[in-house]
Amino acid sequence: DTVGISLAQVITKLIGLGVMATQNESIDRDVIEILADELSIEIEFISESDSNIEEIYNLDQEDPEDSLVERPPVVTVMGHVDHGKTSILDVIKKSHVTASEAGGITQHIGAYQVSANGKLITFLDTPGHEAFTAMRSRGASITDIAILVVAADDGVMPQTREAIHHAKAADVPIIVAINKIDREGANPDRVRQELTEEGLVCEDWGGDTIMVEVSAKTKEGIPELLDMVLLVAEVLELKANPDRLAIGTIVEARLDKGKGPMATILVQKGTLTSDSYIVSGTCYGHIRAMTDDKKKRLKTAGPATPVVVLGLDGVPNAGDTVYAVQDEKTAREIAARNIAHEREEKLASKNKVSLNNLFDKIKEGELKDLNLVVKADVKGTVEALTQSLLKLNDNEDVDEVQVNIIHSGTGGINESDINLASASNALVIGFNVRPNINAIELAKQEEVDVRTYRVIYDILNDVKNAISGMLTPEI
Ligand code: GDP
């Protein structure tokens, strides 16, 4: 009626097209198109799967400026293995519990909150930066500040560089904790020097990276480290609206034999209550119990608070967003749509960049940067290879895109490389190295194109040809 055409007219036209339909039946897209053409009306398809759930259900509406109040920072600790991440997190956890929780037995839930100088800080204690990147690749940037731990007796190591690349790619400010200064071979200045080469220059040397000397063993420097976290947090002016339906991120989730699905949620906006209806991806439910990391029952949890909830009907994915909604029906509907959407996505063509679709993506204007993760067997080769790849930027044949090396290093291709590539829509190139089993699996799942070579010339040729659309497809 709104277009001035009666229902009878529509049905008559449909019959004319050989389609028997009544008012309440749905018709195919092709039929709608023909019909619109016949009736000379303009149509626009609003596909439900095209517009996202957030919009349909108005889940993540803007918060008015005056609703925003200060919230605690969310901090991740990153760094090379054995440099002391776990030790530092432990010291902080033990010596800075919030007053009301003193004496409680802590359980590992993937995140916890401490109080320092009367302010709260939320720490993610998911192992390493794997979680960090996995979460980012799902579009949930939940970390405000990264603490980069570097052992003073070991210096910058491959995973240190990786961590720096991850934090930079996510645009998260880095505070460096130079750890193990109690050790005999400790040389903090050497660490500062090495970090300079990675683009992190300390304040004393005219840069803007905060570096704190600490020891997880003697606890020296830990209070100063927390002071710096609070200082950076203040500069960042972290705020959220506590007075709305909650939105958060799943930090960890598992199936407990007795209690069913247990999920750690980091609340980011709004306030989660112990009887909220929630939905995350394809899982939904009515919260049955909400506790903190001391198993203390909570009635409410505001922004930056980590909580464990029971009551979901399945185990959600770490890194997925979780929404509180007004009622069970809405939660169920959203989960159902997500199930359908997931199915569609699986069927849909690949969205990730690959050497094969590179040219098309460039042509369609979809791609301006070709991001690469480069791994090789020895350091000299990594350098030679990255330099040659970056030289492609001077080549006139390939001026449609900018080649960026977002990470390079020696050693086999691992899950961290794939996660980083997935998060940054990058290709992974290996020279004389191979992906491990887990990396192969993850690459398949995340649709990351991994190419391995034995001749540098082949790499440059393939990349160049892919950019200019001259790549011979893989057989
Ligand atoms: P992670 O792999 O980065 O989590 O490192 P860990 O926290 O497990 O620490 C690795 C090893 O270094 C452990 O044996 C710790 O006891 C030791 N360690 C950590 N921090 C310090 C420190 O400040 N001083 C000394 N002497 N040892 C430390």
# chains A, B, ... in the order shown; residues from 1 in each chain; ligands from 1
$ residues_near_ligand --ligand "ligand 1" --cutoff "9 Å" --atoms "only C-alpha atoms and all ligand atoms" --output "MDAnalysis selection string"
chainID A and resid 77:90 127:128 149:152 178:184 214:220
$ select_by_dssp --residues "segment 279-463 of chain A" --states "helix (DSSP H, G or I)" --output "JSON list (two decimals) with N, CA and C atoms, in the first residue's frame"
[["chain", "number", "residue", "atom", "x", "y", "z"],
["A", 328, "GLU", "N", 14.49, -12.98, 27.88],
["A", 328, "GLU", "CA", 14.97, -14.25, 27.36],
["A", 328, "GLU", "C", 14.67, -14.40, 25.87],
["A", 329, "LYS", "N", 13.50, -13.90, 25.46],
["A", 329, "LYS", "CA", 13.10, -14.04, 24.07],
["A", 329, "LYS", "C", 14.13, -13.36, 23.15],
["A", 330, "THR", "N", 14.53, -12.16, 23.53],
["A", 330, "THR", "CA", 15.52, -11.43, 22.73],
["A", 330, "THR", "C", 16.84, -12.20, 22.68],
["A", 331, "ALA", "N", 17.26, -12.70, 23.83],
["A", 331, "ALA", "CA", 18.52, -13.44, 23.89],
["A", 331, "ALA", "C", 18.45, -14.65, 22.96],
["A", 332, "ARG", "N", 17.33, -15.37, 23.01],
["A", 332, "ARG", "CA", 17.18, -16.57, 22.20],
["A", 332, "ARG", "C", 17.18, -16.22, 20.72],
["A", 333, "GLU", "N", 16.46, -15.14, 20.37],
["A", 333, "GLU", "CA", 16.38, -14.71, 18.97],
["A", 333, "GLU", "C", 17.75, -14.35, 18.42],
["A", 334, "ILE", "N", 18.52, -13.61, 19.20],
["A", 334, "ILE", "CA", 19.83, -13.18, 18.74],
["A", 334, "ILE", "C", 20.73, -14.40, 18.53],
["A", 335, "ALA", "N", 20.69, -15.33, 19.48],
["A", 335, "ALA", "CA", 21.50, -16.54, 19.36],
["A", 335, "ALA", "C", 21.10, -17.31, 18.09],
["A", 336, "ALA", "N", 19.79, -17.39, 17.84],
["A", 336, "ALA", "CA", 19.31, -18.11, 16.66],
["A", 336, "ALA", "C", 19.81, -17.44, 15.39],
["A", 337, "ARG", "N", 19.75, -16.11, 15.36],
["A", 337, "ARG", "CA", 20.26, -15.39, 14.19],
["A", 337, "ARG", "C", 21.74, -15.64, 14.00],
["A", 338, "ASN", "N", 22.47, -15.67, 15.12],
["A", 338, "ASN", "CA", 23.91, -15.90, 15.03],
["A", 338, "ASN", "C", 24.22, -17.30, 14.51],
["A", 339, "ILE", "N", 23.39, -18.25, 14.90],
["A", 339, "ILE", "CA", 23.59, -19.62, 14.40],
["A", 339, "ILE", "C", 23.41, -19.63, 12.88],
["A", 340, "ALA", "N", 22.34, -18.96, 12.43],
["A", 340, "ALA", "CA", 22.09, -18.90, 10.99],
["A", 340, "ALA", "C", 23.21, -18.16, 10.27],
["A", 341, "HIS", "N", 23.65, -17.08, 10.90],
["A", 341, "HIS", "CA", 24.70, -16.26, 10.30],
["A", 341, "HIS", "C", 26.00, -17.04, 10.17],
["A", 342, "GLU", "N", 26.31, -17.80, 11.22],
["A", 342, "GLU", "CA", 27.52, -18.61, 11.22],
["A", 342, "GLU", "C", 27.49, -19.60, 10.05],
["A", 343, "ARG", "N", 26.32, -20.17, 9.86],
["A", 343, "ARG", "CA", 26.16, -21.13, 8.77],
["A", 343, "ARG", "C", 26.42, -20.44, 7.43],
["A", 344, "GLU", "N", 25.84, -19.25, 7.27],
["A", 344, "GLU", "CA", 26.02, -18.49, 6.04],
["A", 344, "GLU", "C", 27.49, -18.15, 5.81],
["A", 345, "GLU", "N", 28.13, -17.72, 6.89],
["A", 345, "GLU", "CA", 29.53, -17.33, 6.78],
["A", 345, "GLU", "C", 30.39, -18.46, 6.29],
["A", 346, "LYS", "N", 30.08, -19.64, 6.78],
["A", 346, "LYS", "CA", 30.85, -20.81, 6.37],
["A", 346, "LYS", "C", 30.71, -21.03, 4.87],
["A", 347, "LEU", "N", 29.50, -20.74, 4.37],
["A", 347, "LEU", "CA", 29.25, -20.95, 2.95],
["A", 347, "LEU", "C", 29.81, -19.82, 2.10],
["A", 358, "LEU", "N", 44.36, -11.33, -4.32],
["A", 358, "LEU", "CA", 44.97, -10.03, -4.06],
["A", 358, "LEU", "C", 44.63, -9.00, -5.14],
["A", 359, "PHE", "N", 44.85, -9.41, -6.38],
["A", 359, "PHE", "CA", 44.66, -8.49, -7.49],
["A", 359, "PHE", "C", 43.21, -7.99, -7.55],
["A", 360, "ASP", "N", 42.27, -8.93, -7.38],
["A", 360, "ASP", "CA", 40.85, -8.55, -7.40],
["A", 360, "ASP", "C", 40.53, -7.56, -6.30],
["A", 361, "LYS", "N", 41.08, -7.83, -5.15],
["A", 361, "LYS", "CA", 40.81, -6.96, -4.02],
["A", 361, "LYS", "C", 41.37, -5.56, -4.26],
["A", 362, "ILE", "N", 42.55, -5.51, -4.86],
["A", 362, "ILE", "CA", 43.15, -4.21, -5.16],
["A", 362, "ILE", "C", 42.29, -3.48, -6.19],
["A", 363, "LYS", "N", 41.88, -4.22, -7.22],
["A", 363, "LYS", "CA", 41.07, -3.64, -8.29],
["A", 363, "LYS", "C", 39.77, -3.06, -7.75],
["A", 379, "LYS", "N", 68.52, -15.19, 10.77],
["A", 379, "LYS", "CA", 68.30, -13.76, 10.90],
["A", 379, "LYS", "C", 68.69, -12.99, 9.63],
["A", 380, "GLY", "N", 69.84, -13.36, 9.06],
["A", 380, "GLY", "CA", 70.32, -12.68, 7.86],
["A", 380, "GLY", "C", 69.30, -12.76, 6.73],
["A", 381, "THR", "N", 68.69, -13.91, 6.59],
["A", 381, "THR", "CA", 67.70, -14.10, 5.53],
["A", 381, "THR", "C", 66.45, -13.28, 5.79],
["A", 382, "VAL", "N", 66.04, -13.24, 7.07],
["A", 382, "VAL", "CA", 64.86, -12.43, 7.42],
["A", 382, "VAL", "C", 65.09, -11.00, 6.96],
["A", 383, "GLU", "N", 66.28, -10.49, 7.29],
["A", 383, "GLU", "CA", 66.57, -9.09, 6.93],
["A", 383, "GLU", "C", 66.61, -8.88, 5.43],
["A", 384, "ALA", "N", 67.31, -9.77, 4.74],
["A", 384, "ALA", "CA", 67.42, -9.65, 3.29],
["A", 384, "ALA", "C", 66.03, -9.70, 2.65],
["A", 385, "LEU", "N", 65.23, -10.63, 3.14],
["A", 385, "LEU", "CA", 63.90, -10.84, 2.58],
["A", 385, "LEU", "C", 62.98, -9.64, 2.84],
["A", 386, "THR", "N", 62.97, -9.14, 4.06],
["A", 386, "THR", "CA", 62.08, -8.02, 4.36],
["A", 386, "THR", "C", 62.51, -6.79, 3.56],
["A", 387, "GLN", "N", 63.83, -6.61, 3.45],
["A", 387, "GLN", "CA", 64.30, -5.45, 2.67],
["A", 387, "GLN", "C", 63.87, -5.55, 1.21],
["A", 388, "SER", "N", 64.03, -6.75, 0.65],
["A", 388, "SER", "CA", 63.64, -6.92, -0.75],
["A", 388, "SER", "C", 62.15, -6.71, -0.93],
["A", 389, "LEU", "N", 61.37, -7.20, 0.02],
["A", 389, "LEU", "CA", 59.92, -7.05, -0.10],
["A", 389, "LEU", "C", 59.53, -5.57, 0.00],
["A", 390, "LEU", "N", 60.18, -4.87, 0.92],
["A", 390, "LEU", "CA", 59.85, -3.45, 1.07],
["A", 390, "LEU", "C", 60.29, -2.65, -0.15],
["A", 391, "LYS", "N", 61.34, -3.13, -0.83],
["A", 391, "LYS", "CA", 61.79, -2.46, -2.06],
["A", 391, "LYS", "C", 60.72, -2.48, -3.14],
["A", 392, "LEU", "N", 59.81, -3.47, -3.04],
["A", 392, "LEU", "CA", 58.72, -3.53, -4.02],
["A", 392, "LEU", "C", 57.93, -2.23, -4.02],
["A", 393, "ASN", "N", 57.96, -1.53, -2.89],
["A", 393, "ASN", "CA", 57.24, -0.26, -2.81],
["A", 393, "ASN", "C", 57.80, 0.80, -3.75],
["A", 394, "ASP", "N", 59.07, 0.62, -4.16],
["A", 394, "ASP", "CA", 59.67, 1.58, -5.09],
["A", 394, "ASP", "C", 59.41, 1.19, -6.53],
["A", 396, "GLU", "N", 57.42, 0.61, -9.81],
["A", 396, "GLU", "CA", 56.26, 1.28, -10.39],
["A", 396, "GLU", "C", 55.12, 0.33, -10.75],
["A", 397, "ASP", "N", 55.49, -0.93, -11.06],
["A", 397, "ASP", "CA", 54.47, -1.90, -11.42],
["A", 397, "ASP", "C", 53.54, -2.24, -10.27],
["A", 398, "VAL", "N", 54.02, -1.98, -9.07],
["A", 398, "VAL", "CA", 53.23, -2.41, -7.92],
["A", 398, "VAL", "C", 52.83, -1.23, -7.04],
["A", 415, "GLU", "N", 51.32, -20.44, 15.86],
["A", 415, "GLU", "CA", 49.96, -19.94, 16.00],
["A", 415, "GLU", "C", 49.92, -18.43, 16.18],
["A", 416, "SER", "N", 50.93, -17.94, 16.88],
["A", 416, "SER", "CA", 50.98, -16.50, 17.11],
["A", 416, "SER", "C", 51.09, -15.74, 15.78],
["A", 417, "ASP", "N", 51.90, -16.28, 14.87],
["A", 417, "ASP", "CA", 52.03, -15.65, 13.54],
["A", 417, "ASP", "C", 50.68, -15.64, 12.83],
["A", 418, "ILE", "N", 49.98, -16.75, 12.93],
["A", 418, "ILE", "CA", 48.69, -16.87, 12.24],
["A", 418, "ILE", "C", 47.67, -15.91, 12.85],
["A", 419, "ASN", "N", 47.67, -15.86, 14.18],
["A", 419, "ASN", "CA", 46.75, -14.95, 14.86],
["A", 419, "ASN", "C", 47.00, -13.51, 14.46],
["A", 420, "LEU", "N", 48.26, -13.15, 14.43],
["A", 420, "LEU", "CA", 48.62, -11.78, 14.06],
["A", 420, "LEU", "C", 48.19, -11.52, 12.61],
["A", 421, "ALA", "N", 48.47, -12.48, 11.73],
["A", 421, "ALA", "CA", 48.11, -12.33, 10.32],
["A", 421, "ALA", "C", 46.60, -12.21, 10.19],
["A", 422, "SER", "N", 45.88, -13.04, 10.92],
["A", 422, "SER", "CA", 44.43, -13.02, 10.84],
["A", 422, "SER", "C", 43.88, -11.67, 11.31],
["A", 423, "ALA", "N", 44.43, -11.18, 12.41],
["A", 423, "ALA", "CA", 43.95, -9.92, 12.96],
["A", 423, "ALA", "C", 44.25, -8.76, 12.03],
["A", 437, "ILE", "N", 51.88, -27.99, 13.19],
["A", 437, "ILE", "CA", 50.53, -28.57, 13.03],
["A", 437, "ILE", "C", 49.44, -27.61, 13.50],
["A", 438, "ASN", "N", 49.65, -27.02, 14.68],
["A", 438, "ASN", "CA", 48.65, -26.11, 15.22],
["A", 438, "ASN", "C", 48.46, -24.90, 14.32],
["A", 439, "ALA", "N", 49.58, -24.42, 13.78],
["A", 439, "ALA", "CA", 49.51, -23.25, 12.89],
["A", 439, "ALA", "C", 48.73, -23.60, 11.62],
["A", 440, "ILE", "N", 48.94, -24.80, 11.12],
["A", 440, "ILE", "CA", 48.23, -25.23, 9.90],
["A", 440, "ILE", "C", 46.72, -25.26, 10.16],
["A", 441, "GLU", "N", 46.37, -25.85, 11.30],
["A", 441, "GLU", "CA", 44.96, -25.94, 11.68],
["A", 441, "GLU", "C", 44.34, -24.54, 11.80],
["A", 442, "LEU", "N", 45.04, -23.69, 12.54],
["A", 442, "LEU", "CA", 44.53, -22.34, 12.80],
["A", 442, "LEU", "C", 44.42, -21.55, 11.50],
["A", 443, "ALA", "N", 45.42, -21.72, 10.62],
["A", 443, "ALA", "CA", 45.40, -21.00, 9.34],
["A", 443, "ALA", "C", 44.18, -21.40, 8.53],
["A", 444, "LYS", "N", 43.86, -22.68, 8.60],
["A", 444, "LYS", "CA", 42.70, -23.17, 7.87],
["A", 444, "LYS", "C", 41.44, -22.52, 8.43],
["A", 445, "GLN", "N", 41.36, -22.55, 9.74],
["A", 445, "GLN", "CA", 40.19, -22.02, 10.42],
["A", 445, "GLN", "C", 40.03, -20.52, 10.20],
["A", 446, "GLU", "N", 41.15, -19.80, 10.26],
["A", 446, "GLU", "CA", 41.10, -18.34, 10.13],
["A", 446, "GLU", "C", 41.25, -17.89, 8.68],
["A", 456, "ILE", "N", 64.30, -17.17, -2.62],
["A", 456, "ILE", "CA", 63.83, -15.81, -2.35],
["A", 456, "ILE", "C", 63.23, -15.18, -3.61],
["A", 457, "TYR", "N", 63.88, -15.43, -4.72],
["A", 457, "TYR", "CA", 63.43, -14.87, -5.99],
["A", 457, "TYR", "C", 61.96, -15.23, -6.26],
["A", 458, "ASP", "N", 61.61, -16.47, -5.92],
["A", 458, "ASP", "CA", 60.22, -16.93, -6.12],
["A", 458, "ASP", "C", 59.24, -16.12, -5.28],
["A", 459, "ILE", "N", 59.67, -15.79, -4.07],
["A", 459, "ILE", "CA", 58.79, -15.02, -3.18],
["A", 459, "ILE", "C", 58.51, -13.66, -3.81],
["A", 460, "LEU", "N", 59.59, -12.99, -4.19],
["A", 460, "LEU", "CA", 59.44, -11.64, -4.74],
["A", 460, "LEU", "C", 58.60, -11.67, -6.01],
["A", 461, "ASN", "N", 58.86, -12.68, -6.83],
["A", 461, "ASN", "CA", 58.12, -12.83, -8.07],
["A", 461, "ASN", "C", 56.63, -13.05, -7.81],
["A", 462, "ASP", "N", 56.34, -13.96, -6.91],
["A", 462, "ASP", "CA", 54.94, -14.26, -6.60],
["A", 462, "ASP", "C", 54.22, -13.03, -6.07],
["A", 463, "VAL", "N", 54.85, -12.32, -5.15],
["A", 463, "VAL", "CA", 54.20, -11.16, -4.56],
["A", 463, "VAL", "C", 53.98, -10.09, -5.63]]
$ residues_around --residues "Pro316 of chain A" --least-positions-apart "3" --cutoff "7 Å" --atoms "only C-alpha atoms" --output "number ranges by chain"
A: 253, 280-281, 283
$ residues_around --residues "segment 264-275 of chain A" --least-positions-apart "4" --cutoff "6 Å" --atoms "only C-alpha atoms" --output "ChimeraX atom specification"
/A:240-252,287,290,299-308
$ closest_residue --among "A:Val428, A:Gly365, A:Lys239, A:Gly16" --to "Leu68 of chain A" --atoms "only C-alpha atoms"
A:Lys239
$ atom_distance --atom1 "atom CA of Asp256 of chain A" --atom2 "atom CA of Tyr323 of chain A"
22.0 Å
$ select_by_dssp --residues "segment 168-398 of chain A" --states "strand (DSSP E or B)" --output "ChimeraX atom specification"
/A:174-179,202,209-213,239-240,245,247-256,260-269,271-273,277-280,283-291,297,300-301,306-312,321-325,369-376
$ closest_residue --among "A:Gly221, A:Gly206, A:Pro73, A:Gly319" --to "Ile145 of chain A" --atoms "only C-alpha atoms"
A:Pro73
$ atom_distance --atom1 "atom CA of Thr282 of chain A" --atom2 "atom CA of Ala318 of chain A"
12.7 Å
$ atom_distance --atom1 "atom CA of Ile147 of chain A" --atom2 "atom CA of Ala177 of chain A"
6.5 Å
$ closest_residue --among "A:Ser424, A:Ser6, A:Ser40, A:Asn414" --to "Leu370 of chain A" --atoms "only C-alpha atoms"
A:Ser424
$ closest_residue --among "A:Gly411, A:Gly469, A:Gly430, A:Gly110" --to "Asp292 of chain A" --atoms "only C-alpha atoms"
A:Gly110
$ closest_residue --among "A:Ile5, A:Leu372, A:Val309, A:Val279" --to "Leu255 of chain A" --atoms "only C-alpha atoms"
A:Val309
$ decode --residues "segment 370-382 of chain A" --atoms "all heavy atoms" --output "CSV table (one decimal), in the first residue's frame"
chain,number,residue,atom,x,y,z
A,370,LEU,N,49.2,-4.2,1.6
A,370,LEU,CA,49.5,-5.7,1.6
A,370,LEU,C,50.3,-5.9,2.8
A,370,LEU,O,51.5,-5.6,2.9
A,370,LEU,CB,50.2,-6.1,0.3
A,370,LEU,CG,50.7,-7.6,0.3
A,370,LEU,CD1,49.5,-8.5,0.6
A,370,LEU,CD2,51.4,-7.9,-0.9
A,371,ASN,N,49.7,-6.5,3.9
A,371,ASN,CA,50.4,-6.8,5.1
A,371,ASN,C,51.0,-8.2,5.0
A,371,ASN,O,50.3,-9.1,4.6
A,371,ASN,CB,49.4,-6.7,6.3
A,371,ASN,CG,48.9,-5.3,6.5
A,371,ASN,OD1,49.6,-4.3,6.2
A,371,ASN,ND2,47.7,-5.2,7.1
A,372,LEU,N,52.2,-8.3,5.5
A,372,LEU,CA,52.9,-9.5,5.4
A,372,LEU,C,53.5,-9.9,6.8
A,372,LEU,O,54.0,-9.0,7.5
A,372,LEU,CB,54.1,-9.5,4.4
A,372,LEU,CG,53.7,-9.2,2.9
A,372,LEU,CD1,55.0,-9.0,2.1
A,372,LEU,CD2,52.8,-10.3,2.4
A,373,VAL,N,53.5,-11.2,7.1
A,373,VAL,CA,54.2,-11.7,8.2
A,373,VAL,C,55.3,-12.6,7.6
A,373,VAL,O,55.0,-13.5,6.8
A,373,VAL,CB,53.3,-12.6,9.2
A,373,VAL,CG1,54.2,-13.3,10.2
A,373,VAL,CG2,52.3,-11.7,9.9
A,374,VAL,N,56.6,-12.3,7.9
A,374,VAL,CA,57.7,-13.0,7.2
A,374,VAL,C,58.5,-13.8,8.3
A,374,VAL,O,58.9,-13.3,9.2
A,374,VAL,CB,58.6,-11.9,6.6
A,374,VAL,CG1,59.8,-12.6,5.9
A,374,VAL,CG2,57.8,-11.2,5.5
A,375,LYS,N,58.6,-15.1,8.0
A,375,LYS,CA,59.4,-15.9,8.9
A,375,LYS,C,60.5,-16.6,8.0
A,375,LYS,O,60.2,-17.0,6.9
A,375,LYS,CB,58.5,-17.0,9.5
A,375,LYS,CG,57.5,-16.5,10.5
A,375,LYS,CD,58.0,-15.7,11.7
A,375,LYS,CE,58.7,-16.6,12.7
A,375,LYS,NZ,57.8,-17.2,13.7
A,376,ALA,N,61.7,-16.8,8.6
A,376,ALA,CA,62.8,-17.5,7.8
A,376,ALA,C,63.6,-18.2,8.8
A,376,ALA,O,63.5,-18.0,10.0
A,376,ALA,CB,63.6,-16.5,7.0
A,377,ASP,N,64.5,-19.0,8.3
A,377,ASP,CA,65.3,-19.9,9.2
A,377,ASP,C,66.4,-19.1,9.9
A,377,ASP,O,66.7,-19.4,11.1
A,377,ASP,CB,65.9,-21.1,8.4
A,377,ASP,CG,66.6,-20.7,7.2
A,377,ASP,OD1,66.4,-19.5,6.7
A,377,ASP,OD2,67.3,-21.5,6.6
A,378,VAL,N,67.0,-18.1,9.3
A,378,VAL,CA,68.1,-17.4,9.9
A,378,VAL,C,67.9,-15.9,9.8
A,378,VAL,O,67.2,-15.4,8.9
A,378,VAL,CB,69.5,-17.8,9.4
A,378,VAL,CG1,69.9,-19.2,9.7
A,378,VAL,CG2,69.6,-17.6,7.9
A,379,LYS,N,68.5,-15.2,10.8
A,379,LYS,CA,68.3,-13.8,10.9
A,379,LYS,C,68.7,-13.0,9.6
A,379,LYS,O,68.0,-12.1,9.2
A,379,LYS,CB,69.1,-13.2,12.1
A,379,LYS,CG,68.6,-11.9,12.6
A,379,LYS,CD,69.1,-11.6,14.0
A,379,LYS,CE,68.8,-10.2,14.4
A,379,LYS,NZ,69.9,-9.4,15.0
A,380,GLY,N,69.8,-13.4,9.1
A,380,GLY,CA,70.3,-12.7,7.9
A,380,GLY,C,69.3,-12.8,6.7
A,380,GLY,O,69.1,-11.8,6.0
A,381,THR,N,68.7,-13.9,6.6
A,381,THR,CA,67.7,-14.1,5.5
A,381,THR,C,66.5,-13.3,5.8
A,381,THR,O,65.9,-12.7,4.9
A,381,THR,CB,67.3,-15.6,5.4
A,381,THR,OG1,68.4,-16.4,5.7
A,381,THR,CG2,66.7,-15.9,4.1
A,382,VAL,N,66.0,-13.2,7.1
A,382,VAL,CA,64.9,-12.4,7.4
A,382,VAL,C,65.1,-11.0,7.0
A,382,VAL,O,64.2,-10.4,6.3
A,382,VAL,CB,64.6,-12.5,8.9
A,382,VAL,CG1,63.4,-11.5,9.3
A,382,VAL,CG2,64.3,-13.9,9.4
